[in-house]
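Written out below as structure tokens is the structure these notes cover.
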Amino acid sequence: MITQTQGNNEMINNLDKAVKENSKDAPKWLEEYRSNALNRFQELGIPNVKDEEWKYTNISSIAKTSFQGAQNNEDTTLDSLKNYINEKDINIVFINGFFSKKFSTIDDSSSGISISTLQDAILSDEKKIKSLLEKYNEKETTSFVALNKALSTDGILISIEKKAVMKKLIHILHISDTQATSFTSPRTIITSEKLSEATVLESHIGLNNDQTYLANALTDIFLEENAILHYCKIQAESKKAYHLGNTRVWQERNSNFNSLSVMIGSAINRNDLDIVLNGEGINSTLNGLYMPFDKQHMDNHTCVDHRFPNCTSNQLYKGILSDASRAVFNGKIFVKDLAQQTNSYQLNKNILLGKDCRVDTKPQLEIFADDVKCTHGATIGQLNEDELFYLQTRCIPRKEAIRMLSKGFINDLLFHFEDDNVSQKIHQLLDPSLNKL
Amino acid sequence: MIEIKNIHAKVAGGDTEILKGINLTINPGEVHAIMGPNGSGKSTLSKIIAGHPEYEVTEGEILYESNFKKTNILDLEPEERAREGIFLAFQYPVEIPGVNTSVFLRAAFNEICKHQGAEEMDTLDFDEYIRSKMKLLEMDEKFITRPVNEDFSGGEKKRNEILQMAVLNPRFAVLDETDSGLDIDSMRIVSDGVNKLKAKGNAQLVITHYQRLLNYIVPDFVHILIDGKIVKSEGKELALAVEEKGYDWLIK
């Protein structure tokens with residue numbers, strides 16, 4: 001671990017003061033929680049490329065930029081959001097990190113679910129929120145998780161109640177509508193109680209494509225026994241923004257976590273998805289899709305921790321790279337000695353369309369049980385010339401053929417979710433990129 | 001319709017000449033067959049006509065006449081040749097995972113519509129159109145909902161080629177060993193399909209190893225291609241002679 005403390009205070013103005021101010025009226029435990037997290041962040045510092053975990057993703061440009069706390073934007077119009085908000089859904093909207101009551105459509109009467117801001121949750125059910133926040137050991141958290149914990153104030157707690165089957169899509173929408181070099185710390189906690197099922201979409205959208213800002217998001221997901229959660233994260237931040245995302249998933253016995261991560265925007269995007277399979281009979285699906293252009297950099301780190309027998313995890317990450325873009329895939333799989341009969345699969349496929357693009361892909365398996373099935377693979381290649389020629393001989397122009405084959409390459413992921421609504425939103429955000437190929 | 005003039009070709013970047021001066025003229029309404037032993041350059045010729053980037057033409061030209069205008073198609077991209085009405089039925093149709101057959105066919109068809117200044121067909125109309133063509137080839141309707149050629153049997157792939165030919169309705173079609181991998185019934189169905197697509201204004205070039213296909217698709221001329229050159233051209237009876245005697249007697 002690196003301990004580079006220099007420069008931290010440059011990145012975020014008056015970090016100590018900001019944390020203190022956030023906790024002005026907070027209960028004592030929360031104040032401590034934040035200051036502990038701050039200490040942790042300051043102890044770890046901002047990682048650099050000497051750190052094995054950050055070897056291929058250089059964030060010195062983030063460390064050098066000076067970000068200030070984001071301001072709420074009252075001028076954001078419904079019109080600018082209408083492409084993203086669908087009346088049929090439960091919409092939980094944040095503007096520049098601030099919960100927006102105006103744009104959110106949380107139907108109080110919807111049974112089976114309770115949604116509250118973290119601030120409200122602290123007032124109404126302090127014990128619950130405290131136990132959720134303190135679930136993970138502070139000593140194990142990484143820099144940016146710690147930074148989010150220290151700085152996040154607004155956030156959302158979603159509880160899908162026992163046996164509830166949610167038909168409506170739950171859409172958490174983080175909008176950045178800013179003219180300043182600011183930072184946000186989106187914080188989401190989802191608990192899927194026993195035997196429940198729901199679909200959650202977490203999207204991060206930048207409205208101003210020329211603006212540099214930093215979104216440091218942290219999402220914690222807890223699945224109780226037999227719970228099912230379909231979870232999609234779409235990152236479509238501004239092209240000059242930085243998005244650092246951490247999603248931590250804790251699964252209990254027989255639960256099913258089915259996820260897709262879609263990366264479209266931002267200059268540098270790092271997404272960490274960590275899953276703990278803390279029981280038998282668990283199923284986890286981790287899928288991902290990234291399409292960088294120009295000099296965009298997209299990094300997916302996954303970590304799947306098999307702790308008990310008879311569980312399955314599936315990972316499929318696909319990327320289409322254009323221009324001089326870069327992508328990183330790093331997939332860790334742990335199979336602990338107790339976790340016999342584990343099935344764990346991992347595949348990362350990449351198509352390089354640009355002349356100067358680059359992919360670094362790295363599987364990392366640590367297996368301590370002897371009766372398991374684990375496979376991993378990675379491919380990096382170009383589109384098949386024979387396939388292109390075939391389409392061309394059928395009148396389809398080369399450019400269109402490239403688009404068609406690229407779409408075909410990711411087709412299985414585009415329709416990964418049964419919920420058409422989610423597929424539709426993915427398409428809507430991804431189509432401009434596909435049309436650019 | 002098409003004049004192949006003194007075509008010399010090699011694999012792009014390679015040294016070995018595969019075609020060593022091919023001359024062939026095909027008029028509207030005619031069916032020509034090219035036969036020849038393995039490695040004689042039959043498939044190379046078909047790929048050069050379609051514009052495969054793997055091959056380099058070092059000499060000669062291919063003049064294609066449409067609307068009373070002759071164009072050297074070697075200057076055109078593959079898709080431009082296709083839009084002008086040149087079609088290649090592949091010996092080994094390519095599997096295209098993730099691309100739905102009907103979406104693919106409609107895109108191809110609409111490119112032609114666009115080229116001819118006609119209105120593009122919407123999904124519903126095209127659906128009806130394609131179903132009529134599929135009936136012609138006795139194809140199962142579920143074909144078009146599957147990705148192009150993926151997990152198709154050899155026979156299904158070949159039928160799919162002819163379906164595409166039926167949809168695109170080319171003026172000049174090259175059928176590259178369409179009979180290979182087909183059982184007797186499929187050969188009959190495929191050949192029937194091809195014959196139904198024959199018209200006064202269009203022409204076909206059939207490449208095959210065996211005379212058998214030519215019982216179904218009857219050629220006006222048969223050419224024997226050996227070592228990159230056409231060594232003999234006659235009527236359909238030449239195919240029977242080859243079937244009986246092989247190619248040895250043609251090698252001088």
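Labeling convention for the structure tokens: chains A, B, ... as they appear, residues from 1 per chain, ligands from 1 in order of appearance.
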
Residues near region 174-184 of chain B, cut-off 6 Å, only C-alpha atoms, skip fewer than 5 positions along chain, as a ChimeraX atom specification: /B:88-91,154-155,204-208

For the selection you just gave me, I'd like the residues written to a file as a PDB file, in the first residue's frame, keeping C-alpha atoms.
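Final file, result-v4.pdb:
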```pdb
ATOM      1  CA  LEU B  88     -21.751 -13.835 -54.757  1.00  0.00           C
ATOM      2  CA  ALA B  89     -23.200 -16.943 -53.153  1.00  0.00           C
ATOM      3  CA  PHE B  90     -20.370 -18.025 -50.882  1.00  0.00           C
ATOM      4  CA  GLN B  91     -18.812 -21.449 -50.874  1.00  0.00           C
ATOM      5  CA  GLY B 154     -24.315 -26.796 -44.167  1.00  0.00           C
ATOM      6  CA  GLY B 155     -27.503 -27.149 -46.180  1.00  0.00           C
ATOM      7  CA  GLN B 204     -25.343 -16.525 -63.713  1.00  0.00           C
ATOM      8  CA  LEU B 205     -21.883 -17.920 -63.268  1.00  0.00           C
ATOM      9  CA  VAL B 206     -21.884 -21.334 -61.586  1.00  0.00           C
ATOM     10  CA  ILE B 207     -18.671 -22.688 -60.125  1.00  0.00           C
ATOM     11  CA  THR B 208     -18.650 -26.363 -59.329  1.00  0.00           C
TER      12      THR B 208
END
```

Among region 337-392 of chain A, which residues does DSSP mark as strand (DSSP E or B) when it is run on the backbone? Keep the chain and numbering as in the structure and answer as a PyMOL selection string. chain A and resi 343-352+358-367+373-381

Mind checking which residues fall within 12 Å of Arg188 (chain B), counting only C-alpha atoms, ignoring those fewer than 6 positions away in the same chain, and posting them as a list in words?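 So, after excluding close chain neighbours, the residues are Leu136, Leu137, Glu138, Gly155, Arg159, Thr178, Asp179, Leu182, Val194, Asn195, Arg212, Leu213, Leu214, Asn215, Tyr216 and Ile217 of chain B.
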
Counting only C-alpha atoms, figure out which residue out of A:Ser196, A:Asn384, A:Asn39, A:Gln211 gets nearest to chain B.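 That would be A:Asn384, the residue with the smallest distance to chain B.
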
Could you list, as a list in words, the residues of chain B having an atom within 8 Å of chain A when counting only C-alpha atoms?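 Going by the stated atoms only, the list reads Ala50, His52, Pro78, Glu79, Glu80, Arg81, Ala82, Arg83, Phe87, Leu88, Pro93, Val94, Glu95, Ile96, Pro97, Gly98, Val99, Ala107, Ala108, Phe109, Glu111 and Ile112 of chain B.
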
Could you check which of B:Met139, B:Ile251, B:Leu238, B:Met165 is closest to Ile86 (chain B), using only C-alpha atoms? B:Met165

Mind pulling up the distance from CA of His427 (chain A) to CA of Arg187 (chain A)?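 Those two atoms sit 25.5 Å apart.
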